[in-house]
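File shown here: model-v2.cif, holding mmCIF, C-alpha atoms.
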```
data_my_file
loop_
_atom_site.group_PDB
_atom_site.id
_atom_site.type_symbol
_atom_site.label_atom_id
_atom_site.label_comp_id
_atom_site.auth_asym_id
_atom_site.auth_seq_id
_atom_site.Cartn_x
_atom_site.Cartn_y
_atom_site.Cartn_z
ATOM 1 C CA MET A 1 102.982 101.585 94.541
ATOM 2 C CA VAL A 2 106.410 102.066 93.002
ATOM 3 C CA GLU A 3 108.012 105.366 93.831
ATOM 4 C CA ALA A 4 110.309 107.217 91.449
ATOM 5 C CA ASP A 5 112.447 110.298 91.813
ATOM 6 C CA LEU A 6 110.551 113.059 90.086
ATOM 7 C CA PRO A 7 112.769 115.689 88.456
ATOM 8 C CA ASP A 8 112.603 119.365 89.250
ATOM 9 C CA GLU A 9 111.165 121.508 86.500
ATOM 10 C CA GLY A 10 113.858 121.872 83.887
ATOM 11 C CA GLY A 11 115.931 119.258 85.692
ATOM 12 C CA PRO A 12 117.046 115.757 84.735
ATOM 13 C CA ALA A 13 114.768 113.139 83.221
ATOM 14 C CA LEU A 14 112.662 110.841 85.377
ATOM 15 C CA VAL A 15 114.742 108.248 87.219
ATOM 16 C CA THR A 16 112.901 105.008 87.954
ATOM 17 C CA PRO A 17 113.822 102.137 90.290
ATOM 18 C CA LEU A 18 114.733 100.144 87.171
ATOM 19 C CA ASP A 19 117.124 102.895 86.066
ATOM 20 C CA ARG A 20 118.750 102.769 89.481
ATOM 21 C CA SER A 21 119.115 98.993 89.383
ATOM 22 C CA ILE A 22 120.800 99.217 85.975
ATOM 23 C CA ASP A 23 123.068 101.982 87.282
ATOM 24 C CA GLN A 24 124.076 99.601 90.068
ATOM 25 C CA LEU A 25 124.924 96.931 87.506
ATOM 26 C CA TRP A 26 127.203 99.375 85.708
ATOM 27 C CA GLU A 27 128.870 100.530 88.910
ATOM 28 C CA THR A 28 129.438 96.972 90.073
ATOM 29 C CA MET A 29 130.263 95.068 86.894
ATOM 30 C CA SER A 30 131.346 97.230 83.969
ATOM 31 C CA ASP A 31 132.245 100.674 82.585
ATOM 32 C CA ARG A 32 129.440 102.734 81.125
ATOM 33 C CA SER A 33 131.743 105.586 80.142
ATOM 34 C CA GLY A 34 133.709 103.389 77.753
ATOM 35 C CA LEU A 35 132.812 101.753 74.466
ATOM 36 C CA MET A 36 130.564 99.194 76.158
ATOM 37 C CA GLY A 37 128.015 101.835 77.088
ATOM 38 C CA GLU A 38 127.151 102.445 73.427
ATOM 39 C CA LEU A 39 127.595 99.041 71.798
ATOM 40 C CA ALA A 40 124.771 97.623 69.687
ATOM 41 C CA ALA A 41 123.263 94.281 70.626
ATOM 42 C CA ASP A 42 125.145 92.171 68.085
ATOM 43 C CA ALA A 43 128.507 93.576 69.150
ATOM 44 C CA VAL A 44 127.778 93.103 72.855
ATOM 45 C CA LEU A 45 126.726 89.505 72.261
ATOM 46 C CA VAL A 46 129.968 88.762 70.412
ATOM 47 C CA ARG A 47 131.964 89.957 73.417
ATOM 48 C CA ALA A 48 129.673 88.176 75.873
ATOM 49 C CA ASP A 49 130.116 84.901 74.004
ATOM 50 C CA ALA A 50 133.869 85.416 73.944
ATOM 51 C CA GLY A 51 134.079 85.120 77.727
ATOM 52 C CA GLU A 52 133.059 88.599 78.884
ATOM 53 C CA LEU A 53 129.471 87.964 79.937
ATOM 54 C CA ALA A 54 129.755 89.615 83.348
ATOM 55 C CA PHE A 55 131.366 92.740 81.880
ATOM 56 C CA CYS A 56 128.720 92.854 79.141
ATOM 57 C CA PHE A 57 125.688 92.152 81.298
ATOM 58 C CA PRO A 58 124.815 95.759 82.265
ATOM 59 C CA ARG A 59 124.554 96.707 78.588
ATOM 60 C CA LEU A 60 122.596 93.534 77.844
ATOM 61 C CA ALA A 61 120.221 94.392 80.706
ATOM 62 C CA GLU A 62 119.564 97.813 79.170
ATOM 63 C CA LEU A 63 118.829 96.253 75.823
ATOM 64 C CA MET A 64 116.612 93.567 77.347
ATOM 65 C CA VAL A 65 114.283 95.966 79.131
ATOM 66 C CA ARG A 66 113.969 98.095 75.987
ATOM 67 C CA ASN A 67 113.330 95.016 73.841
ATOM 68 C CA GLU A 68 116.277 96.045 71.649
ATOM 69 C CA LEU A 69 118.213 92.788 71.435
ATOM 70 C CA GLY A 70 117.372 92.328 67.777
ATOM 71 C CA PRO A 71 116.873 88.678 66.785
ATOM 72 C CA GLU A 72 118.382 87.442 70.051
ATOM 73 C CA PRO A 73 115.581 86.412 72.466
ATOM 74 C CA ALA A 74 115.780 87.950 75.911
ATOM 75 C CA PHE A 75 115.589 84.526 77.532
ATOM 76 C CA GLY A 76 118.841 83.705 75.731
ATOM 77 C CA ILE A 77 120.608 86.144 78.059
ATOM 78 C CA ALA A 78 119.217 84.313 81.094
ATOM 79 C CA ASP A 79 120.360 81.016 79.574
ATOM 80 C CA ARG A 80 123.854 82.442 79.166
ATOM 81 C CA LEU A 81 123.914 83.490 82.823
ATOM 82 C CA VAL A 82 123.014 79.967 83.911
ATOM 83 C CA ALA A 83 125.556 78.402 81.557
ATOM 84 C CA GLU A 84 128.233 80.687 83.029
ATOM 85 C CA GLY A 85 127.218 79.800 86.591
ATOM 86 C CA TRP A 86 126.165 83.306 87.588
ATOM 87 C CA GLN A 87 124.985 82.164 91.028
ATOM 88 C CA SER A 88 128.613 81.375 91.877
ATOM 89 C CA TRP A 89 129.908 84.818 90.824
ATOM 90 C CA GLU A 90 131.151 87.214 93.457
ATOM 91 C CA GLN A 91 128.483 88.398 95.874
ATOM 92 C CA ALA A 92 128.302 91.994 94.657
ATOM 93 C CA HIS A 93 127.634 90.821 91.097
ATOM 94 C CA ARG A 94 124.985 88.322 92.186
ATOM 95 C CA GLU A 95 123.195 90.874 94.319
ATOM 96 C CA ALA A 96 123.194 93.495 91.563
ATOM 97 C CA ILE A 97 121.826 90.981 89.048
ATOM 98 C CA GLU A 98 119.098 89.789 91.418
ATOM 99 C CA GLU A 99 118.111 93.364 92.242
ATOM 100 C CA PHE A 100 117.837 94.158 88.548
ATOM 101 C CA PHE A 101 115.593 91.192 87.770
ATOM 102 C CA ASP A 102 113.455 91.722 90.894
ATOM 103 C CA THR A 103 112.947 95.377 89.973
ATOM 104 C CA TRP A 104 112.206 94.625 86.318
ATOM 105 C CA TRP A 105 109.571 92.122 87.401
ATOM 106 C CA LEU A 106 108.048 94.482 89.959
ATOM 107 C CA LEU A 107 107.672 97.366 87.518
ATOM 108 C CA THR A 108 106.403 95.059 84.786
ATOM 109 C CA ARG A 109 103.639 93.827 87.087
ATOM 110 C CA VAL A 110 102.510 97.158 88.496
ATOM 111 C CA LEU A 111 102.537 99.186 85.275
ATOM 112 C CA ASP A 112 100.104 98.669 82.421
ATOM 113 C CA ASP A 113 102.452 99.286 79.513
ATOM 114 C CA GLY A 114 105.960 98.111 78.805
ATOM 115 C CA PRO A 115 108.151 96.966 75.917
ATOM 116 C CA LEU A 116 107.380 93.344 76.829
ATOM 117 C CA PRO A 117 104.156 91.898 78.298
ATOM 118 C CA ALA A 118 104.380 90.524 81.820
ATOM 119 C CA HIS A 119 104.112 86.876 80.774
ATOM 120 C CA GLU A 120 107.041 87.361 78.380
ATOM 121 C CA VAL A 121 109.178 88.966 81.093
ATOM 122 C CA LEU A 122 108.265 86.035 83.325
ATOM 123 C CA GLY A 123 109.326 83.768 80.471
ATOM 124 C CA VAL A 124 112.803 85.309 80.764
ATOM 125 C CA LEU A 125 112.915 85.056 84.542
ATOM 126 C CA VAL A 126 112.108 81.348 84.677
ATOM 127 C CA HIS A 127 115.287 80.674 82.698
ATOM 128 C CA LEU A 128 117.428 82.019 85.558
ATOM 129 C CA GLY A 129 117.170 78.836 87.588
ATOM 130 C CA LEU A 130 115.670 80.532 90.658
ATOM 131 C CA PRO A 131 112.621 79.169 92.548
ATOM 132 C CA LEU A 132 109.370 80.117 90.811
ATOM 133 C CA VAL A 133 107.901 81.346 94.082
ATOM 134 C CA ARG A 134 110.248 84.326 93.830
ATOM 135 C CA TRP A 135 108.230 85.579 90.856
ATOM 136 C CA LEU A 136 104.793 84.069 91.467
ATOM 137 C CA GLY A 137 104.477 84.816 95.185
ATOM 138 C CA PRO A 138 104.434 88.626 94.834
ATOM 139 C CA TRP A 139 102.022 88.380 91.892
ATOM 140 C CA LEU A 140 99.499 86.388 93.927
ATOM 141 C CA GLU A 141 99.793 88.847 96.790
ATOM 142 C CA ASP A 142 98.725 91.677 94.476
ATOM 143 C CA LEU A 143 96.038 90.820 91.931
ATOM 144 C CA ASP A 144 94.655 94.348 91.911
ATOM 145 C CA GLY A 145 94.782 96.828 89.014
ATOM 146 C CA PRO A 146 97.517 96.226 86.413
ATOM 147 C CA PRO A 147 98.667 92.933 88.001
ATOM 148 C CA ALA A 148 95.158 91.554 87.470
ATOM 149 C CA ARG A 149 95.177 92.594 83.821
ATOM 150 C CA HIS A 150 98.612 91.049 83.316
ATOM 151 C CA PHE A 151 97.389 87.845 84.976
ATOM 152 C CA ALA A 152 94.401 87.717 82.627
ATOM 153 C CA ASP A 153 96.633 88.266 79.599
ATOM 154 C CA MET A 154 98.928 85.483 80.786
ATOM 155 C CA VAL A 155 96.047 83.043 81.184
ATOM 156 C CA MET A 156 94.607 83.872 77.769
ATOM 157 C CA SER A 157 98.033 83.527 76.121
ATOM 158 C CA GLN A 158 98.469 80.020 77.599
ATOM 159 C CA LEU A 159 102.187 80.840 77.456
ATOM 160 C CA HIS A 160 102.686 80.009 73.798
ATOM 161 C CA SER A 161 105.989 81.677 72.933
ATOM 162 C CA PRO A 162 109.609 80.637 72.280
ATOM 163 C CA ALA A 163 110.651 81.468 75.861
ATOM 164 C CA TRP A 164 108.043 79.141 77.316
ATOM 165 C CA GLU A 165 108.481 76.433 74.708
ATOM 166 C CA ALA A 166 112.137 76.335 75.776
ATOM 167 C CA ALA A 167 111.040 75.855 79.408
ATOM 168 C CA PRO A 168 108.186 73.309 79.218
ATOM 169 C CA ASP A 169 108.418 72.194 82.863
ATOM 170 C CA GLU A 170 108.171 75.771 84.113
ATOM 171 C CA ARG A 171 105.338 76.480 81.680
ATOM 172 C CA GLY A 172 103.352 73.592 83.130
ATOM 173 C CA GLN A 173 104.061 74.724 86.683
ATOM 174 C CA VAL A 174 102.991 78.316 86.010
ATOM 175 C CA LEU A 175 99.772 77.283 84.281
ATOM 176 C CA ALA A 176 98.994 74.913 87.162
ATOM 177 C CA TRP A 177 99.673 77.739 89.626
ATOM 178 C CA ALA A 178 97.330 80.059 87.715
ATOM 179 C CA ALA A 179 94.574 77.450 87.948
ATOM 180 C CA SER A 180 95.105 76.903 91.692
ATOM 181 C CA GLU A 181 92.382 77.857 94.147
ATOM 182 C CA PRO A 182 94.177 80.953 95.551
ATOM 183 C CA CYS A 183 94.693 82.393 92.067
ATOM 184 C CA VAL A 184 91.158 81.631 90.903
ATOM 185 C CA PHE A 185 89.675 83.215 94.010
ATOM 186 C CA GLY A 186 92.057 86.159 93.745
ATOM 187 C CA ILE A 187 91.187 87.009 90.164
ATOM 188 C CA ALA A 188 87.461 86.368 90.706
ATOM 189 C CA LEU A 189 87.068 88.315 93.956
ATOM 190 C CA VAL A 190 89.703 91.028 93.676
ATOM 191 C CA GLY A 191 91.114 91.350 90.189
ATOM 192 C CA GLY A 192 87.978 90.859 88.154
ATOM 193 C CA ILE A 193 86.741 94.424 88.584
ATOM 194 C CA HIS A 194 89.835 95.638 86.730
ATOM 195 C CA LEU A 195 89.197 93.539 83.627
ATOM 196 C CA SER A 196 87.261 94.548 80.552
ATOM 197 C CA GLU A 197 83.649 93.458 80.119
ATOM 198 C CA GLY A 198 83.410 89.714 79.609
ATOM 199 C CA GLN A 199 87.134 89.135 80.170
ATOM 200 C CA LEU A 200 86.751 87.639 83.653
ATOM 201 C CA SER A 201 84.391 84.965 82.306
ATOM 202 C CA GLU A 202 86.873 84.118 79.562
ATOM 203 C CA VAL A 203 89.709 83.854 82.060
ATOM 204 C CA LEU A 204 87.725 81.657 84.437
ATOM 205 C CA ASP A 205 86.682 79.414 81.546
ATOM 206 C CA ARG A 206 90.381 78.784 80.904
ATOM 207 C CA LEU A 207 91.157 78.161 84.561
ATOM 208 C CA VAL A 208 88.323 75.963 85.817
#
```
Reformat the file's structure so that it appears as structure tokens.
Amino acid sequence: MVEADLPDEGGPALVTPLDRSIDQLWETMSDRSGLMGELAADAVLVRADAGELAFCFPRLAELMVRNELGPEPAFGIADRLVAEGWQSWEQAHREAIEEFFDTWWLLTRVLDDGPLPAHEVLGVLVHLGLPLVRWLGPWLEDLDGPPARHFADMVMSQLHSPAWEAAPDERGQVLAWAASEPCVFGIALVGGIHLSEGQLSEVLDRLV
């Protein structure tokens, strides 16, 4: 279960782990109090593409999780990070970025509703160039409740979207993982009770 800091009555708004991870991005990489903190997506992208990706990333992260990037696909931000060699950035930046993506993925899996479905968030994450087990391992360990429903939605979607079409190798690996024995047993024996009537049969038909 994800814990959040609940506000006192009449106090500040709910602060989630994702809010805190984005705050850490701002504190580590940029300046929220300046113009950057209010820039629209198109303006941030212009600056990012002009050599200021690290400075712009906290604002881009906010826009990504809200699905407010406009016509720019969220996986395009991950592609920019890879093109800029983000894994060779200074340690504090790398750690803040990894914490943000780990937290976004965690909350996406354990909550039913979000601006983007879980398989679309995963479609962003696979563009980061990190081992797939980082994202798939925790999902397999918890196929109960919302994670089971997200897994079923992913299987039924067959990952047909621009993010996955731009990562065909990863798409094949994720679909093969979903059809593996541990996943099939997990959704059949644990997750199935959380699916709507008839949905488990449809999912298993796709997997086996």
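Residues with at least one atom no more than 8 Å from (95.7, 97.0, 88.0), using all atoms listed in the file, are A:Val110, A:Leu111, A:Asp112, A:Leu143, A:Asp144, A:Gly145, A:Pro146, A:Pro147, A:Ala148, A:Arg149, A:Gly191, A:His194.
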* Can you list, as a list of chain:residue names, every protein, DNA or RNA residue that comes within 9 Å of A:Ala96 when you count only C-alpha atoms, leaving out same-chain residues fewer than 6 positions away? -> A:Ser21, A:Ile22, A:Gln24, A:Leu25, A:Thr28, A:Met29
* Point-to-point distance from atom CA of A:Gly129 to atom CA of A:Leu81, Å rounded to tenths ->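 Atom-to-atom, atom CA of A:Gly129 to atom CA of A:Leu81, that is 9.5 Å.
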* Would you translate the PyMOL selection byres ((chain A and resi 70) around 12) into the concrete set of residues it matches in this file, as a PyMOL selection string? => chain A and resi 40-45+60+63-64+66-69+71-74+76
Restricted to C-alpha atoms, what would the selected residues look like written as a PDB file, in the coordinates of the input?
```pdb
ATOM      1  CA  ALA A  40     124.771  97.623  69.687  1.00  0.00           C
ATOM      2  CA  ALA A  41     123.263  94.281  70.626  1.00  0.00           C
ATOM      3  CA  ASP A  42     125.145  92.171  68.085  1.00  0.00           C
ATOM      4  CA  ALA A  43     128.507  93.576  69.150  1.00  0.00           C
ATOM      5  CA  VAL A  44     127.778  93.103  72.855  1.00  0.00           C
ATOM      6  CA  LEU A  45     126.726  89.505  72.261  1.00  0.00           C
ATOM      7  CA  LEU A  60     122.596  93.534  77.844  1.00  0.00           C
ATOM      8  CA  LEU A  63     118.829  96.253  75.823  1.00  0.00           C
ATOM      9  CA  MET A  64     116.612  93.567  77.347  1.00  0.00           C
ATOM     10  CA  ARG A  66     113.969  98.095  75.987  1.00  0.00           C
ATOM     11  CA  ASN A  67     113.330  95.016  73.841  1.00  0.00           C
ATOM     12  CA  GLU A  68     116.277  96.045  71.649  1.00  0.00           C
ATOM     13  CA  LEU A  69     118.213  92.788  71.435  1.00  0.00           C
ATOM     14  CA  PRO A  71     116.873  88.678  66.785  1.00  0.00           C
ATOM     15  CA  GLU A  72     118.382  87.442  70.051  1.00  0.00           C
ATOM     16  CA  PRO A  73     115.581  86.412  72.466  1.00  0.00           C
ATOM     17  CA  ALA A  74     115.780  87.950  75.911  1.00  0.00           C
ATOM     18  CA  GLY A  76     118.841  83.705  75.731  1.00  0.00           C
TER      19      GLY A  76
END
```
* To do: Go ahead and compute the interatomic distance for atom CA of A:Arg59 and atom CA of A:Ala118, in Å to one decimal.
  =>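 Straight-line distance from atom CA of A:Arg59 to atom CA of A:Ala118 works out to 21.3 Å.
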Return as lines of an AutoDock Vina configuration file the box centre and box size in Å, one decimal, for an axis-aligned box around all listed atoms of stretch 122-131 of chain A padded by 6 Å per side.
```
center_x = 112.8
center_y = 82.4
center_z = 86.5
size_x = 21.2
size_y = 19.2
size_z = 24.1
```
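Taking all atoms listed in the file into account, A:Ile97 lies nearest to A:Ala54 out of the set A:Ala167, A:Val126, A:Ala54, A:Leu132.
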* So how many Å separate atom CA of A:Leu107 and atom CA of A:Leu18, to one decimal? ->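 Those two atoms sit 7.6 Å apart.
When you apply the PyMOL selection byres ((chain A and resi 82) around 12) to this structure, what comes back is Leu53, Ala54, Phe75, Gly76, Ile77, Ala78, Asp79, Arg80, Leu81, Ala83, Glu84, Gly85, Trp86, Gln87, Ser88, Trp89, Arg94, Val124, Leu125, Val126, His127, Leu128, Gly129 and Leu130 of chain A.
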* To do: Skip A:Thr108 itself and residues of its chain fewer than 3 positions away, then list as a list in words all residues within 10 Å of it, counting only C-alpha atoms.
  =>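 Near A:Thr108, the qualifying residues are Val65, Asp102, Thr103, Trp104, Trp105, Leu111, Asp112, Asp113, Gly114, Pro115, Leu116, Pro117, Ala118, His119, Val121, Leu122, Pro146, Pro147 and His150 of chain A.
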With C-alpha atoms retained, export the selected residues as a PDB file, in the coordinates of the input.
```pdb
ATOM      1  CA  VAL A  65     114.283  95.966  79.131  1.00  0.00           C
ATOM      2  CA  ASP A 102     113.455  91.722  90.894  1.00  0.00           C
ATOM      3  CA  THR A 103     112.947  95.377  89.973  1.00  0.00           C
ATOM      4  CA  TRP A 104     112.206  94.625  86.318  1.00  0.00           C
ATOM      5  CA  TRP A 105     109.571  92.122  87.401  1.00  0.00           C
ATOM      6  CA  LEU A 111     102.537  99.186  85.275  1.00  0.00           C
ATOM      7  CA  ASP A 112     100.104  98.669  82.421  1.00  0.00           C
ATOM      8  CA  ASP A 113     102.452  99.286  79.513  1.00  0.00           C
ATOM      9  CA  GLY A 114     105.960  98.111  78.805  1.00  0.00           C
ATOM     10  CA  PRO A 115     108.151  96.966  75.917  1.00  0.00           C
ATOM     11  CA  LEU A 116     107.380  93.344  76.829  1.00  0.00           C
ATOM     12  CA  PRO A 117     104.156  91.898  78.298  1.00  0.00           C
ATOM     13  CA  ALA A 118     104.380  90.524  81.820  1.00  0.00           C
ATOM     14  CA  HIS A 119     104.112  86.876  80.774  1.00  0.00           C
ATOM     15  CA  VAL A 121     109.178  88.966  81.093  1.00  0.00           C
ATOM     16  CA  LEU A 122     108.265  86.035  83.325  1.00  0.00           C
ATOM     17  CA  PRO A 146      97.517  96.226  86.413  1.00  0.00           C
ATOM     18  CA  PRO A 147      98.667  92.933  88.001  1.00  0.00           C
ATOM     19  CA  HIS A 150      98.612  91.049  83.316  1.00  0.00           C
TER      20      HIS A 150
END
```
* **Residues selected by the PyMOL selection byres ((chain A and resi 141) around 12), written as number ranges by chain** => A: 109, 133-140, 142-144, 147-148, 182-183, 185-187, 190-191
* Asked: Closest to A:Arg171 among A:Glu120, A:Glu38, A:Glu98, A:Glu90, using all atoms listed in the file?
  ->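 Smallest distance to A:Arg171 is found for A:Glu120.
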